[in-house]
file input.csv (CSV, C-alpha atoms)
chain,number,residue,atom,x,y,z
R,1106,MET,CA,-76.4,-38.4,-35.5
R,1107,PRO,CA,-76.6,-35.6,-32.8
R,1108,ALA,CA,-77.6,-36.4,-29.3
R,1109,VAL,CA,-80.0,-33.4,-29.2
R,1110,PRO,CA,-82.5,-32.1,-31.7
R,1111,THR,CA,-81.2,-30.1,-34.7
R,1112,SER,CA,-82.9,-27.0,-36.2
R,1113,ALA,CA,-84.4,-26.2,-32.8
R,1114,VAL,CA,-83.8,-23.5,-30.2
R,1115,LEU,CA,-81.8,-24.9,-27.3
R,1116,ASN,CA,-81.5,-23.7,-23.7
R,1117,LEU,CA,-78.1,-25.4,-23.1
R,1118,ALA,CA,-77.9,-24.8,-19.3
R,1119,SER,CA,-81.3,-26.6,-18.8
R,1120,MET,CA,-80.1,-29.6,-20.8
R,1121,VAL,CA,-77.9,-31.0,-18.0
R,1122,ASP,CA,-78.7,-31.2,-14.3
R,1123,TYR,CA,-76.5,-31.0,-11.2
R,1124,SER,CA,-76.0,-34.1,-9.2
R,1125,MET,CA,-74.7,-34.2,-5.6
R,1126,ASP,CA,-71.0,-34.8,-5.4
R,1127,ALA,CA,-70.8,-35.7,-9.1
R,1128,ILE,CA,-70.0,-34.5,-12.6
R,1129,VAL,CA,-72.7,-35.0,-15.2
R,1130,SER,CA,-72.2,-34.8,-18.9
R,1131,ARG,CA,-74.4,-34.9,-22.0
R,1132,GLN,CA,-72.9,-35.1,-25.5
R,1133,VAL,CA,-74.4,-32.6,-27.9
R,1134,ILE,CA,-72.6,-33.7,-31.0
R,1135,LYS,CA,-69.6,-36.0,-31.8
R,1136,ALA,CA,-67.6,-36.1,-35.0
R,1137,GLU,CA,-64.2,-37.2,-36.1
R,1138,GLY,CA,-62.9,-33.6,-36.0
R,1139,GLY,CA,-64.2,-32.8,-32.6
R,1140,ASN,CA,-67.2,-32.8,-30.2
R,1141,ILE,CA,-69.5,-30.6,-28.1
R,1142,THR,CA,-70.4,-31.7,-24.6
R,1143,LEU,CA,-72.4,-30.1,-21.8
R,1144,PHE,CA,-71.2,-30.6,-18.2
R,1145,ALA,CA,-72.6,-29.9,-14.8
R,1146,PHE,CA,-70.1,-30.0,-11.9
R,1147,ASP,CA,-71.2,-30.0,-8.3
R,1148,LYS,CA,-69.2,-27.8,-6.0
R,1149,ASP,CA,-65.6,-29.0,-5.4
R,1150,GLN,CA,-65.8,-31.6,-8.2
R,1151,GLU,CA,-62.8,-31.5,-10.6
R,1152,LEU,CA,-61.1,-32.9,-13.6
R,1153,SER,CA,-57.4,-33.5,-12.7
R,1154,GLU,CA,-54.7,-32.2,-15.0
R,1155,HIS,CA,-54.6,-33.8,-18.4
R,1156,THR,CA,-53.9,-33.0,-22.0
R,1157,ALA,CA,-56.0,-33.6,-25.2
R,1158,PRO,CA,-55.2,-33.5,-28.9
R,1159,PHE,CA,-57.9,-30.9,-29.4
R,1160,HIS,CA,-58.2,-27.2,-29.0
R,1161,ALA,CA,-60.9,-26.8,-26.4
R,1162,LEU,CA,-63.2,-23.9,-25.7
R,1163,VAL,CA,-64.9,-23.8,-22.3
R,1164,GLN,CA,-68.0,-21.6,-22.0
R,1165,VAL,CA,-69.4,-21.3,-18.5
R,1166,LEU,CA,-73.2,-21.3,-18.6
R,1167,ASP,CA,-73.8,-21.1,-14.9
R,1168,GLY,CA,-71.7,-20.9,-11.7
R,1169,GLU,CA,-68.0,-20.5,-11.2
R,1170,ALA,CA,-64.9,-22.6,-11.9
R,1171,GLU,CA,-61.2,-22.4,-11.7
R,1172,VAL,CA,-59.5,-23.5,-14.9
R,1173,CYS,CA,-55.7,-24.1,-14.9
R,1174,VAL,CA,-54.0,-23.9,-18.3
R,1175,ALA,CA,-50.2,-24.7,-18.3
R,1176,GLY,CA,-50.2,-24.2,-14.5
R,1177,GLN,CA,-51.8,-20.8,-14.7
R,1178,PRO,CA,-55.1,-20.5,-12.8
R,1179,PHE,CA,-58.1,-18.6,-14.2
R,1180,THR,CA,-61.4,-17.9,-12.5
R,1181,LEU,CA,-64.4,-18.1,-14.9
R,1182,ARG,CA,-68.0,-17.1,-14.1
R,1183,THR,CA,-71.3,-17.3,-15.9
R,1184,GLY,CA,-70.9,-16.0,-19.4
R,1185,GLU,CA,-67.1,-16.2,-19.5
R,1186,SER,CA,-65.0,-18.5,-21.7
R,1187,ILE,CA,-61.4,-19.7,-22.1
R,1188,LEU,CA,-59.6,-21.3,-25.0
R,1189,MET,CA,-57.2,-24.2,-24.0
R,1190,PRO,CA,-54.7,-25.1,-26.7
R,1191,ALA,CA,-54.2,-28.7,-27.8
R,1192,ASN,CA,-51.6,-30.8,-26.0
R,1193,VAL,CA,-51.2,-28.2,-23.2
R,1194,PRO,CA,-51.9,-29.5,-19.6
R,1195,HIS,CA,-55.2,-28.2,-18.1
R,1196,ALA,CA,-57.5,-28.9,-15.2
R,1197,LEU,CA,-60.9,-27.7,-13.9
R,1198,ARG,CA,-62.4,-27.4,-10.5
R,1199,ALA,CA,-65.9,-26.2,-9.5
R,1200,VAL,CA,-65.5,-23.2,-7.1
R,1201,LYS,CA,-69.3,-23.2,-7.0
R,1202,ALA,CA,-71.6,-25.7,-8.8
R,1203,PHE,CA,-71.1,-24.8,-12.5
R,1204,LYS,CA,-72.3,-25.8,-15.9
R,1205,MET,CA,-70.2,-25.5,-19.0
R,1206,LEU,CA,-70.3,-26.2,-22.7
R,1207,LEU,CA,-67.1,-27.8,-23.9
R,1208,THR,CA,-66.3,-27.5,-27.7
R,1209,MET,CA,-63.3,-29.6,-28.8
R,1210,ILE,CA,-61.9,-29.2,-32.3
R,1211,LYS,CA,-59.0,-31.1,-33.8
R,1212,ILE,CA,-57.0,-28.9,-36.1

call {"tool": "encode", "arguments": {"input": "input.csv", "output": "structure tokens"}}
result
Amino acid sequence: MPAVPTSAVLNLASMVDYSMDAIVSRQVIKAEGGNITLFAFDKDQELSEHTAPFHALVQVLDGEAEVCVAGQPFTLRTGESILMPANVPHALRAVKAFKMLLTMIKI
């Protein structure tokens, strides 16, 4: 069962709020083959380098983030996205407070 209403118009950026010195998440949908999660990162919050068995699409809904994929840094701003391949090390850091939609799919 999804964590948000189905068959409804959603404003994704408004569905997760910033919290001082924290990372906030809200699961949109979870399934065996993958999941979709909203995140709000306060400035300078980060996820340290890790790997996942899923292909991951990061879509920045608000703000600015640095995303490192296989050691290569990328700066993403509102409206930009990056695809991170499965099993490749990646990390994220909030340059400014930012919100993202993370879609993870196991292939």

call {"tool": "atom_distance", "arguments": {"input": "input.csv", "atom1": "CA of His1160 (chain R)", "atom2": "CA of Leu1188 (chain R)"}}
result
7.3 Å

call {"tool": "closest_residue", "arguments": {"input": "input.csv", "among": "R:Asp1147, R:Glu1137, R:Glu1154, R:Glu1169", "to": "Glu1185 (chain R)", "atoms": "all atoms listed in the file"}}
result
R:Glu1169

call {"tool": "residues_around", "arguments": {"input": "input.csv", "residues": "Gln1150 (chain R)", "least_positions_apart": "5", "cutoff": "12 Å", "atoms": "all atoms listed in the file", "output": "ChimeraX atom specification"}}
result
/R:1123-1129,1144-1145,1169-1171,1196-1204

call {"tool": "residues_around", "arguments": {"input": "input.csv", "residues": "Leu1166 (chain R)", "least_positions_apart": "3", "cutoff": "6 Å", "atoms": "all atoms listed in the file", "output": "PyMOL selection string"}}
result
chain R and resi 1118+1183-1184+1204-1205

call {"tool": "residues_around", "arguments": {"input": "input.csv", "residues": "His1155 (chain R)", "least_positions_apart": "4", "cutoff": "12 Å", "atoms": "only C-alpha atoms", "output": "ChimeraX atom specification"}}
result
/R:1151,1159,1172-1176,1189,1191-1197

call {"tool": "write_last_selection", "arguments": {"input": "input.csv", "atoms": "C-alpha atoms", "output": "CSV table (one decimal), keeping the file's coordinate frame"}}
result
chain,number,residue,atom,x,y,z
R,1151,GLU,CA,-62.8,-31.5,-10.6
R,1159,PHE,CA,-57.9,-30.9,-29.4
R,1172,VAL,CA,-59.5,-23.5,-14.9
R,1173,CYS,CA,-55.7,-24.1,-14.9
R,1174,VAL,CA,-54.0,-23.9,-18.3
R,1175,ALA,CA,-50.2,-24.7,-18.3
R,1176,GLY,CA,-50.2,-24.2,-14.5
R,1189,MET,CA,-57.2,-24.2,-24.0
R,1191,ALA,CA,-54.2,-28.7,-27.8
R,1192,ASN,CA,-51.6,-30.8,-26.0
R,1193,VAL,CA,-51.2,-28.2,-23.2
R,1194,PRO,CA,-51.9,-29.5,-19.6
R,1195,HIS,CA,-55.2,-28.2,-18.1
R,1196,ALA,CA,-57.5,-28.9,-15.2
R,1197,LEU,CA,-60.9,-27.7,-13.9

call {"tool": "closest_residue", "arguments": {"input": "input.csv", "among": "R:Ala1161, R:Ile1187, R:Pro1110, R:Leu1181", "to": "Asn1140 (chain R)", "atoms": "all atoms listed in the file"}}
result
R:Ala1161

call {"tool": "atom_distance", "arguments": {"input": "input.csv", "atom1": "CA of Gln1177 (chain R)", "atom2": "CA of Ser1153 (chain R)"}}
result
14.0 Å

call {"tool": "atom_distance", "arguments": {"input": "input.csv", "atom1": "CA of Pro1158 (chain R)", "atom2": "CA of Lys1135 (chain R)"}}
result
14.9 Å

call {"tool": "residues_around", "arguments": {"input": "input.csv", "residues": "Leu1207 (chain R)", "least_positions_apart": "3", "cutoff": "6 Å", "atoms": "all atoms listed in the file", "output": "list in words"}}
result
Ile1141, Thr1142, Leu1162 and Val1163 of chain R

call {"tool": "residues_near_point", "arguments": {"input": "input.csv", "point": "(-71.4, -34.3, -36.1)", "cutoff": "12 Å", "atoms": "all atoms listed in the file", "output": "PDB file with C-alpha atoms, in the coordinates of the input"}}
result
ATOM      1  CA  MET R1106     -76.400 -38.400 -35.500  1.00  0.00           C
ATOM      2  CA  PRO R1107     -76.600 -35.600 -32.800  1.00  0.00           C
ATOM      3  CA  ALA R1108     -77.600 -36.400 -29.300  1.00  0.00           C
ATOM      4  CA  VAL R1109     -80.000 -33.400 -29.200  1.00  0.00           C
ATOM      5  CA  THR R1111     -81.200 -30.100 -34.700  1.00  0.00           C
ATOM      6  CA  GLN R1132     -72.900 -35.100 -25.500  1.00  0.00           C
ATOM      7  CA  VAL R1133     -74.400 -32.600 -27.900  1.00  0.00           C
ATOM      8  CA  ILE R1134     -72.600 -33.700 -31.000  1.00  0.00           C
ATOM      9  CA  LYS R1135     -69.600 -36.000 -31.800  1.00  0.00           C
ATOM     10  CA  ALA R1136     -67.600 -36.100 -35.000  1.00  0.00           C
ATOM     11  CA  GLU R1137     -64.200 -37.200 -36.100  1.00  0.00           C
ATOM     12  CA  GLY R1138     -62.900 -33.600 -36.000  1.00  0.00           C
ATOM     13  CA  GLY R1139     -64.200 -32.800 -32.600  1.00  0.00           C
ATOM     14  CA  ASN R1140     -67.200 -32.800 -30.200  1.00  0.00           C
ATOM     15  CA  ILE R1141     -69.500 -30.600 -28.100  1.00  0.00           C
ATOM     16  CA  THR R1142     -70.400 -31.700 -24.600  1.00  0.00           C
ATOM     17  CA  THR R1208     -66.300 -27.500 -27.700  1.00  0.00           C
ATOM     18  CA  MET R1209     -63.300 -29.600 -28.800  1.00  0.00           C
ATOM     19  CA  ILE R1210     -61.900 -29.200 -32.300  1.00  0.00           C
TER      20      ILE R1210
END

call {"tool": "closest_residue", "arguments": {"input": "input.csv", "among": "R:Arg1131, R:Ile1212, R:Phe1146, R:Leu1152", "to": "Asp1167 (chain R)", "atoms": "only C-alpha atoms"}}
result
R:Phe1146

call {"tool": "build_atoms", "arguments": {"input": "input.csv", "residues": "region 1144-1166 of chain R", "atoms": "N, CA, C and O atoms", "output": "short mmCIF file (atom, residue, chain, number, x, y, z; two decimals), keeping the file's coordinate frame"}}
result
data_model
loop_
_atom_site.label_atom_id
_atom_site.label_comp_id
_atom_site.auth_asym_id
_atom_site.auth_seq_id
_atom_site.Cartn_x
_atom_site.Cartn_y
_atom_site.Cartn_z
N PHE R 1144 -71.56 -30.09 -19.51
CA PHE R 1144 -71.20 -30.60 -18.20
C PHE R 1144 -71.84 -29.87 -17.10
O PHE R 1144 -72.01 -28.65 -17.20
N ALA R 1145 -72.16 -30.56 -16.01
CA ALA R 1145 -72.60 -29.90 -14.80
C ALA R 1145 -71.72 -30.50 -13.65
O ALA R 1145 -71.71 -31.72 -13.43
N PHE R 1146 -70.99 -29.65 -12.97
CA PHE R 1146 -70.10 -30.00 -11.90
C PHE R 1146 -70.70 -29.59 -10.56
O PHE R 1146 -71.03 -28.40 -10.41
N ASP R 1147 -70.83 -30.47 -9.60
CA ASP R 1147 -71.20 -30.00 -8.30
C ASP R 1147 -70.02 -29.33 -7.64
O ASP R 1147 -68.87 -29.52 -8.06
N LYS R 1148 -70.27 -28.51 -6.63
CA LYS R 1148 -69.20 -27.80 -6.00
C LYS R 1148 -68.08 -28.72 -5.55
O LYS R 1148 -68.32 -29.82 -5.07
N ASP R 1149 -66.84 -28.27 -5.77
CA ASP R 1149 -65.60 -29.00 -5.40
C ASP R 1149 -65.30 -30.19 -6.30
O ASP R 1149 -64.30 -30.86 -6.09
N GLN R 1150 -66.12 -30.49 -7.29
CA GLN R 1150 -65.80 -31.60 -8.20
C GLN R 1150 -64.74 -31.05 -9.20
O GLN R 1150 -64.68 -29.85 -9.48
N GLU R 1151 -63.90 -31.94 -9.71
CA GLU R 1151 -62.80 -31.50 -10.60
C GLU R 1151 -62.42 -32.53 -11.59
O GLU R 1151 -62.69 -33.72 -11.42
N LEU R 1152 -61.76 -32.05 -12.63
CA LEU R 1152 -61.10 -32.90 -13.60
C LEU R 1152 -59.60 -32.62 -13.36
O LEU R 1152 -59.15 -31.48 -13.47
N SER R 1153 -58.84 -33.66 -13.02
CA SER R 1153 -57.40 -33.50 -12.70
C SER R 1153 -56.67 -33.09 -14.02
O SER R 1153 -57.18 -33.25 -15.14
N GLU R 1154 -55.46 -32.63 -13.83
CA GLU R 1154 -54.70 -32.20 -15.00
C GLU R 1154 -54.50 -33.26 -16.01
O GLU R 1154 -54.21 -34.41 -15.68
N HIS R 1155 -54.70 -32.88 -17.26
CA HIS R 1155 -54.60 -33.80 -18.40
C HIS R 1155 -54.31 -33.00 -19.65
O HIS R 1155 -54.35 -31.77 -19.63
N THR R 1156 -54.04 -33.69 -20.74
CA THR R 1156 -53.90 -33.00 -22.00
C THR R 1156 -54.88 -33.70 -23.01
O THR R 1156 -55.39 -34.79 -22.75
N ALA R 1157 -55.12 -33.02 -24.11
CA ALA R 1157 -56.00 -33.60 -25.20
C ALA R 1157 -55.46 -33.09 -26.51
O ALA R 1157 -54.89 -32.00 -26.61
N PRO R 1158 -55.65 -33.89 -27.55
CA PRO R 1158 -55.20 -33.50 -28.90
C PRO R 1158 -56.09 -32.55 -29.61
O PRO R 1158 -56.04 -32.44 -30.83
N PHE R 1159 -56.95 -31.88 -28.88
CA PHE R 1159 -57.90 -30.90 -29.40
C PHE R 1159 -57.76 -29.57 -28.83
O PHE R 1159 -57.41 -29.45 -27.66
N HIS R 1160 -58.03 -28.52 -29.58
CA HIS R 1160 -58.20 -27.20 -29.00
C HIS R 1160 -59.57 -27.26 -28.30
O HIS R 1160 -60.52 -27.85 -28.83
N ALA R 1161 -59.66 -26.67 -27.12
CA ALA R 1161 -60.90 -26.80 -26.40
C ALA R 1161 -61.36 -25.38 -25.91
O ALA R 1161 -60.58 -24.60 -25.35
N LEU R 1162 -62.63 -25.09 -26.16
CA LEU R 1162 -63.20 -23.90 -25.70
C LEU R 1162 -64.21 -24.20 -24.59
O LEU R 1162 -65.16 -24.97 -24.79
N VAL R 1163 -63.98 -23.65 -23.40
CA VAL R 1163 -64.90 -23.80 -22.30
C VAL R 1163 -65.72 -22.56 -22.15
O VAL R 1163 -65.18 -21.46 -22.05
N GLN R 1164 -67.04 -22.73 -22.16
CA GLN R 1164 -68.00 -21.60 -22.00
C GLN R 1164 -68.79 -21.90 -20.73
O GLN R 1164 -69.53 -22.89 -20.68
N VAL R 1165 -68.65 -21.05 -19.72
CA VAL R 1165 -69.40 -21.30 -18.50
C VAL R 1165 -70.81 -20.75 -18.64
O VAL R 1165 -71.03 -19.58 -18.92
N LEU R 1166 -71.76 -21.66 -18.46
CA LEU R 1166 -73.20 -21.30 -18.60
C LEU R 1166 -73.82 -20.93 -17.31
O LEU R 1166 -74.84 -20.24 -17.29
#
